[in-house]
$ cat data05.csv   # CSV, N, CA and C atoms
chain,number,residue,atom,x,y,z
K,1,MET,N,-5.8,-1.9,-56.1
K,1,MET,CA,-6.4,-1.0,-55.3
K,1,MET,C,-6.3,-1.4,-53.8
K,2,LYS,N,-6.6,-2.6,-53.5
K,2,LYS,CA,-6.5,-3.1,-52.1
K,2,LYS,C,-5.0,-3.1,-51.6
K,3,LYS,N,-4.1,-3.4,-52.5
K,3,LYS,CA,-2.7,-3.4,-52.2
K,3,LYS,C,-2.2,-2.0,-51.9
K,4,GLU,N,-2.7,-1.0,-52.6
K,4,GLU,CA,-2.4,0.4,-52.4
K,4,GLU,C,-2.9,0.9,-51.1
K,5,ILE,N,-4.1,0.5,-50.7
K,5,ILE,CA,-4.6,0.9,-49.4
K,5,ILE,C,-3.8,0.3,-48.3
K,6,PHE,N,-3.5,-1.0,-48.4
K,6,PHE,CA,-2.7,-1.7,-47.4
K,6,PHE,C,-1.3,-1.1,-47.3
K,7,THR,N,-0.7,-0.7,-48.4
K,7,THR,CA,0.6,0.0,-48.4
K,7,THR,C,0.4,1.3,-47.6
K,8,GLY,N,-0.6,2.1,-47.8
K,8,GLY,CA,-0.9,3.3,-47.1
K,8,GLY,C,-1.1,3.1,-45.6
K,9,VAL,N,-1.8,2.0,-45.2
K,9,VAL,CA,-2.0,1.7,-43.8
K,9,VAL,C,-0.7,1.4,-43.2
K,10,LEU,N,0.1,0.6,-43.9
K,10,LEU,CA,1.5,0.2,-43.4
K,10,LEU,C,2.3,1.5,-43.2
K,11,VAL,N,2.3,2.3,-44.1
K,11,VAL,CA,3.1,3.6,-44.0
K,11,VAL,C,2.6,4.4,-42.9
K,12,GLY,N,1.3,4.5,-42.7
K,12,GLY,CA,0.7,5.3,-41.7
K,12,GLY,C,1.0,4.7,-40.3
K,13,LEU,N,1.0,3.4,-40.1
K,13,LEU,CA,1.4,2.8,-38.8
K,13,LEU,C,2.9,3.0,-38.5
K,14,ILE,N,3.7,2.9,-39.6
K,14,ILE,CA,5.1,3.2,-39.4
K,14,ILE,C,5.4,4.6,-39.0
K,15,CYS,N,4.7,5.5,-39.7
K,15,CYS,CA,4.9,7.0,-39.4
K,15,CYS,C,4.4,7.2,-37.9
K,16,ASN,N,3.3,6.6,-37.5
K,16,ASN,CA,2.8,6.8,-36.2
K,16,ASN,C,3.8,6.3,-35.1
K,17,ALA,N,4.4,5.1,-35.4
K,17,ALA,CA,5.4,4.6,-34.5
K,17,ALA,C,6.6,5.5,-34.4
K,18,VAL,N,7.1,6.0,-35.5
K,18,VAL,CA,8.2,6.9,-35.5
K,18,VAL,C,7.8,8.2,-34.8
K,19,GLY,N,6.6,8.6,-35.0
K,19,GLY,CA,6.1,9.8,-34.3
K,19,GLY,C,6.1,9.7,-32.8
K,20,ILE,N,5.7,8.5,-32.4
K,20,ILE,CA,5.7,8.2,-30.9
K,20,ILE,C,7.1,8.2,-30.4
K,21,ILE,N,8.0,7.6,-31.1
K,21,ILE,CA,9.4,7.6,-30.7
K,21,ILE,C,10.0,9.0,-30.6
K,22,ILE,N,9.7,9.8,-31.6
K,22,ILE,CA,10.2,11.2,-31.7
K,22,ILE,C,9.6,12.1,-30.6
K,23,THR,N,8.3,11.9,-30.3
K,23,THR,CA,7.6,12.6,-29.3
K,23,THR,C,8.2,12.3,-27.9
K,24,THR,N,8.4,11.0,-27.7
K,24,THR,CA,8.9,10.5,-26.4
K,24,THR,C,10.3,11.1,-26.2
K,25,PHE,N,11.1,11.1,-27.3
K,25,PHE,CA,12.5,11.6,-27.2
K,25,PHE,C,12.5,13.1,-26.9
K,26,ILE,N,11.6,13.8,-27.5
K,26,ILE,CA,11.6,15.3,-27.3
K,26,ILE,C,11.2,15.6,-25.8
K,27,VAL,N,10.1,14.9,-25.4
K,27,VAL,CA,9.7,15.1,-24.0
K,27,VAL,C,10.7,14.7,-23.0
K,28,SER,N,11.5,13.6,-23.3
K,28,SER,CA,12.5,13.1,-22.4
K,28,SER,C,13.6,14.2,-22.3
K,29,LYS,N,14.0,14.8,-23.4
K,29,LYS,CA,15.0,15.8,-23.4
K,29,LYS,C,14.5,17.1,-22.7
K,30,VAL,N,13.3,17.4,-22.8
K,30,VAL,CA,12.8,18.6,-22.1
K,30,VAL,C,12.7,18.4,-20.6
K,31,LYS,N,12.3,17.2,-20.2
K,31,LYS,CA,12.2,16.9,-18.8
K,31,LYS,C,13.5,16.4,-18.2
K,32,ASN,N,14.5,16.3,-18.9
K,32,ASN,CA,15.8,15.7,-18.5
K,32,ASN,C,15.7,14.3,-17.9
K,33,LEU,N,15.0,13.5,-18.6
K,33,LEU,CA,14.8,12.1,-18.2
K,33,LEU,C,15.3,11.2,-19.3
K,34,GLU,N,15.5,9.9,-19.0
K,34,GLU,CA,15.8,9.0,-20.0
K,34,GLU,C,14.6,8.6,-20.9
K,35,PHE,N,14.9,8.1,-22.0
K,35,PHE,CA,13.8,7.7,-23.0
K,35,PHE,C,12.9,6.7,-22.4
K,36,GLU,N,13.5,5.6,-21.8
K,36,GLU,CA,12.7,4.5,-21.3
K,36,GLU,C,11.8,5.0,-20.1
K,37,SER,N,12.4,5.8,-19.2
K,37,SER,CA,11.7,6.3,-18.0
K,37,SER,C,10.6,7.2,-18.4
K,38,THR,N,10.7,8.0,-19.4
K,38,THR,CA,9.7,8.9,-19.9
K,38,THR,C,8.5,8.1,-20.5
K,39,PHE,N,8.8,7.0,-21.3
K,39,PHE,CA,7.7,6.2,-21.8
K,39,PHE,C,7.0,5.5,-20.7
K,40,ASN,N,7.8,4.9,-19.7
K,40,ASN,CA,7.1,4.2,-18.6
K,40,ASN,C,6.3,5.2,-17.8
K,41,LEU,N,6.7,6.4,-17.6
K,41,LEU,CA,6.0,7.4,-16.9
K,41,LEU,C,4.6,7.6,-17.5
K,42,TYR,N,4.6,7.8,-18.8
K,42,TYR,CA,3.3,8.0,-19.5
K,42,TYR,C,2.5,6.7,-19.5
K,43,TYR,N,3.1,5.6,-19.6
K,43,TYR,CA,2.4,4.3,-19.5
K,43,TYR,C,1.7,4.1,-18.2
K,44,GLN,N,2.5,4.3,-17.1
K,44,GLN,CA,2.0,4.0,-15.8
K,44,GLN,C,1.0,5.0,-15.3
K,45,SER,N,1.0,6.2,-15.8
K,45,SER,CA,0.1,7.3,-15.4
K,45,SER,C,-1.1,7.3,-16.3
K,46,SER,N,-1.3,6.3,-17.1
K,46,SER,CA,-2.5,6.2,-18.0
K,46,SER,C,-2.6,7.4,-19.0
K,47,ASN,N,-1.5,7.9,-19.4
K,47,ASN,CA,-1.4,9.1,-20.3
K,47,ASN,C,-0.8,8.6,-21.6
K,48,LEU,N,-0.8,7.4,-21.9
K,48,LEU,CA,-0.2,6.9,-23.1
K,48,LEU,C,-0.9,7.4,-24.4
K,49,TRP,N,-2.2,7.8,-24.2
K,49,TRP,CA,-3.0,8.3,-25.3
K,49,TRP,C,-2.4,9.6,-25.8
K,50,MET,N,-1.7,10.4,-24.9
K,50,MET,CA,-1.1,11.6,-25.4
K,50,MET,C,0.0,11.3,-26.4
K,51,LEU,N,0.8,10.3,-26.1
K,51,LEU,CA,1.9,10.0,-27.0
K,51,LEU,C,1.4,9.5,-28.3
K,52,ILE,N,0.3,8.7,-28.3
K,52,ILE,CA,-0.2,8.1,-29.5
K,52,ILE,C,-0.8,9.2,-30.4
K,53,THR,N,-1.5,10.2,-29.7
K,53,THR,CA,-2.1,11.3,-30.5
K,53,THR,C,-1.0,12.2,-31.1
K,54,LEU,N,0.0,12.5,-30.3
K,54,LEU,CA,1.0,13.4,-30.9
K,54,LEU,C,1.9,12.6,-31.9
K,55,GLY,N,2.0,11.3,-31.7
K,55,GLY,CA,2.7,10.5,-32.6
K,55,GLY,C,2.1,10.4,-34.0
K,56,ALA,N,0.8,10.7,-34.1
K,56,ALA,CA,0.1,10.6,-35.4
K,56,ALA,C,0.3,11.8,-36.3
K,57,LEU,N,1.0,12.8,-35.8
K,57,LEU,CA,1.3,14.0,-36.6
K,57,LEU,C,2.1,13.8,-37.8
K,58,PRO,N,3.1,12.9,-37.8
K,58,PRO,CA,3.8,12.6,-39.1
K,58,PRO,C,2.9,12.0,-40.2
K,59,ASN,N,1.8,11.5,-39.8
K,59,ASN,CA,0.8,11.0,-40.8
K,59,ASN,C,0.4,12.1,-41.7
K,60,LEU,N,0.4,13.3,-41.3
K,60,LEU,CA,0.0,14.4,-42.1
K,60,LEU,C,1.0,14.6,-43.3
K,61,LEU,N,2.3,14.4,-43.0
K,61,LEU,CA,3.3,14.5,-44.1
K,61,LEU,C,3.1,13.4,-45.1
K,62,ALA,N,2.8,12.2,-44.6
K,62,ALA,CA,2.6,11.0,-45.5
K,62,ALA,C,1.4,11.2,-46.3
K,63,PHE,N,0.3,11.7,-45.7
K,63,PHE,CA,-1.0,11.8,-46.4
K,63,PHE,C,-0.9,12.9,-47.5
K,64,PHE,N,-0.3,14.0,-47.2
K,64,PHE,CA,-0.2,15.1,-48.2
K,64,PHE,C,0.9,14.7,-49.2
K,65,GLY,N,1.9,14.0,-48.8
K,65,GLY,CA,2.9,13.5,-49.8
K,65,GLY,C,2.3,12.6,-50.8
K,66,PHE,N,1.5,11.6,-50.3
K,66,PHE,CA,0.8,10.7,-51.3
K,66,PHE,C,-0.2,11.5,-52.2
K,67,LEU,N,-0.8,12.5,-51.7
K,67,LEU,CA,-1.7,13.2,-52.5
K,67,LEU,C,-1.0,14.0,-53.5
K,68,ARG,N,0.2,14.5,-53.2
K,68,ARG,CA,1.0,15.3,-54.1
K,68,ARG,C,1.5,14.5,-55.3
K,69,ILE,N,1.8,13.2,-55.1
K,69,ILE,CA,2.3,12.4,-56.2
K,69,ILE,C,1.1,11.5,-56.8
K,70,ASN,N,-0.1,11.9,-56.5
K,70,ASN,CA,-1.3,11.3,-57.1
K,70,ASN,C,-1.4,9.8,-56.7
K,71,ARG,N,-1.2,9.5,-55.5
K,71,ARG,CA,-1.5,8.2,-54.9
K,71,ARG,C,-2.6,8.2,-53.9
K,72,GLU,N,-3.8,8.4,-54.5
K,72,GLU,CA,-5.0,8.6,-53.6
K,72,GLU,C,-5.3,7.4,-52.7
K,73,TYR,N,-5.2,6.2,-53.2
K,73,TYR,CA,-5.5,5.1,-52.4
K,73,TYR,C,-4.5,4.9,-51.3
K,74,ARG,N,-3.3,5.2,-51.5
K,74,ARG,CA,-2.3,5.1,-50.4
K,74,ARG,C,-2.6,6.2,-49.4
K,75,ALA,N,-3.0,7.4,-49.8
K,75,ALA,CA,-3.4,8.4,-48.9
K,75,ALA,C,-4.7,8.0,-48.1
K,76,ARG,N,-5.6,7.2,-48.7
K,76,ARG,CA,-6.7,6.7,-47.9
K,76,ARG,C,-6.2,5.7,-46.9
K,77,GLY,N,-5.2,4.9,-47.2
K,77,GLY,CA,-4.7,4.0,-46.2
K,77,GLY,C,-4.1,4.7,-45.0
K,78,VAL,N,-3.4,5.8,-45.3
K,78,VAL,CA,-2.8,6.6,-44.2
K,78,VAL,C,-3.9,7.2,-43.3
K,79,LEU,N,-4.9,7.7,-44.0
K,79,LEU,CA,-6.1,8.2,-43.2
K,79,LEU,C,-6.7,7.1,-42.4
K,80,LEU,N,-6.8,5.9,-42.9
K,80,LEU,CA,-7.3,4.8,-42.1
K,80,LEU,C,-6.4,4.5,-40.9
K,81,ALA,N,-5.1,4.5,-41.1
K,81,ALA,CA,-4.2,4.3,-40.0
K,81,ALA,C,-4.3,5.4,-38.9
K,82,THR,N,-4.6,6.7,-39.4
K,82,THR,CA,-4.8,7.8,-38.4
K,82,THR,C,-6.1,7.6,-37.6
K,83,PHE,N,-7.1,7.1,-38.3
K,83,PHE,CA,-8.4,6.8,-37.6
K,83,PHE,C,-8.1,5.7,-36.5
K,84,VAL,N,-7.3,4.7,-36.9
K,84,VAL,CA,-7.0,3.6,-35.9
K,84,VAL,C,-6.3,4.2,-34.7
K,85,ALA,N,-5.3,5.1,-34.9
K,85,ALA,CA,-4.6,5.7,-33.8
K,85,ALA,C,-5.6,6.6,-33.0
K,86,ALA,N,-6.5,7.3,-33.6
K,86,ALA,CA,-7.4,8.1,-32.9
K,86,ALA,C,-8.4,7.2,-32.0
K,87,ILE,N,-8.9,6.2,-32.6
K,87,ILE,CA,-9.8,5.3,-31.9
K,87,ILE,C,-9.0,4.6,-30.7
K,88,THR,N,-7.8,4.2,-31.0
K,88,THR,CA,-7.0,3.6,-29.9
K,88,THR,C,-6.7,4.5,-28.8
K,89,SER,N,-6.4,5.8,-29.1
K,89,SER,CA,-6.2,6.8,-28.0
K,89,SER,C,-7.5,7.1,-27.3
K,90,TYR,N,-8.6,7.1,-28.0
K,90,TYR,CA,-9.9,7.3,-27.4
K,90,TYR,C,-10.2,6.2,-26.4
K,91,LEU,N,-10.0,5.0,-26.8
K,91,LEU,CA,-10.3,3.8,-25.9
K,91,LEU,C,-9.3,3.8,-24.7
K,92,ILE,N,-8.1,4.2,-24.9
K,92,ILE,CA,-7.1,4.2,-23.7
K,92,ILE,C,-7.6,5.3,-22.8
K,93,TYR,N,-8.0,6.5,-23.3
K,93,TYR,CA,-8.4,7.6,-22.5
K,93,TYR,C,-9.6,7.3,-21.6
K,94,PHE,N,-10.6,6.7,-22.2
K,94,PHE,CA,-11.8,6.5,-21.5
K,94,PHE,C,-12.0,5.1,-20.8
K,95,PHE,N,-11.0,4.2,-21.0
K,95,PHE,CA,-11.1,2.9,-20.3
K,95,PHE,C,-9.9,2.5,-19.6

$ encode --input "data05.csv" --output "structure tokens"
Amino acid sequence: MKKEIFTGVLVGLICNAVGIIITTFIVSKVKNLEFESTFNLYYQSSNLWMLITLGALPNLLAFFGFLRINREYRARGVLLATFVAAITSYLIYFF
């Protein structure tokens, strides 16, 4: 049980990281900037919370995918990783 939740958390964090990379890539293509300069722009302007929040969207796919194949504990882990991303973006936004 604990191993399944840990696997879900790990999948959720990886999905969040991939989502941040994809979001940064899309924004950089729309604004005609390089990937690194786009990420630095959000980091320096204290808007990194936006990338973290949008990067959590792929967690929906992982969550419902685990539910579809009857892996409820892994889905709980993905939900926990989503809460970690939400709390992190909340702390970055207000502090």

$ atom_distance --input "data05.csv" --atom1 "atom N of K:Tyr90" --atom2 "atom C of K:Leu67"
27.5 Å

$ atom_distance --input "data05.csv" --atom1 "atom N of K:Thr82" --atom2 "atom C of K:Arg68"
18.7 Å

$ atom_distance --input "data05.csv" --atom1 "atom CA of K:Leu79" --atom2 "atom CA of K:Ile92"
19.9 Å

$ residues_around --input "data05.csv" --residues "K:Cys15" --least-positions-apart "6" --cutoff "8 Å" --atoms "only C-alpha atoms" --output "list in words"
Gly55, Ala56, Pro58, Asn59 and Ala62 of chain K

$ residues_around --input "data05.csv" --residues "K:Glu4" --least-positions-apart "4" --cutoff "8 Å" --atoms "only N, CA and C atoms" --output "list in words"
Gly8, Val9, Leu10, Arg71, Glu72, Tyr73, Arg74, Ala75, Arg76, Gly77 and Val78 of chain K
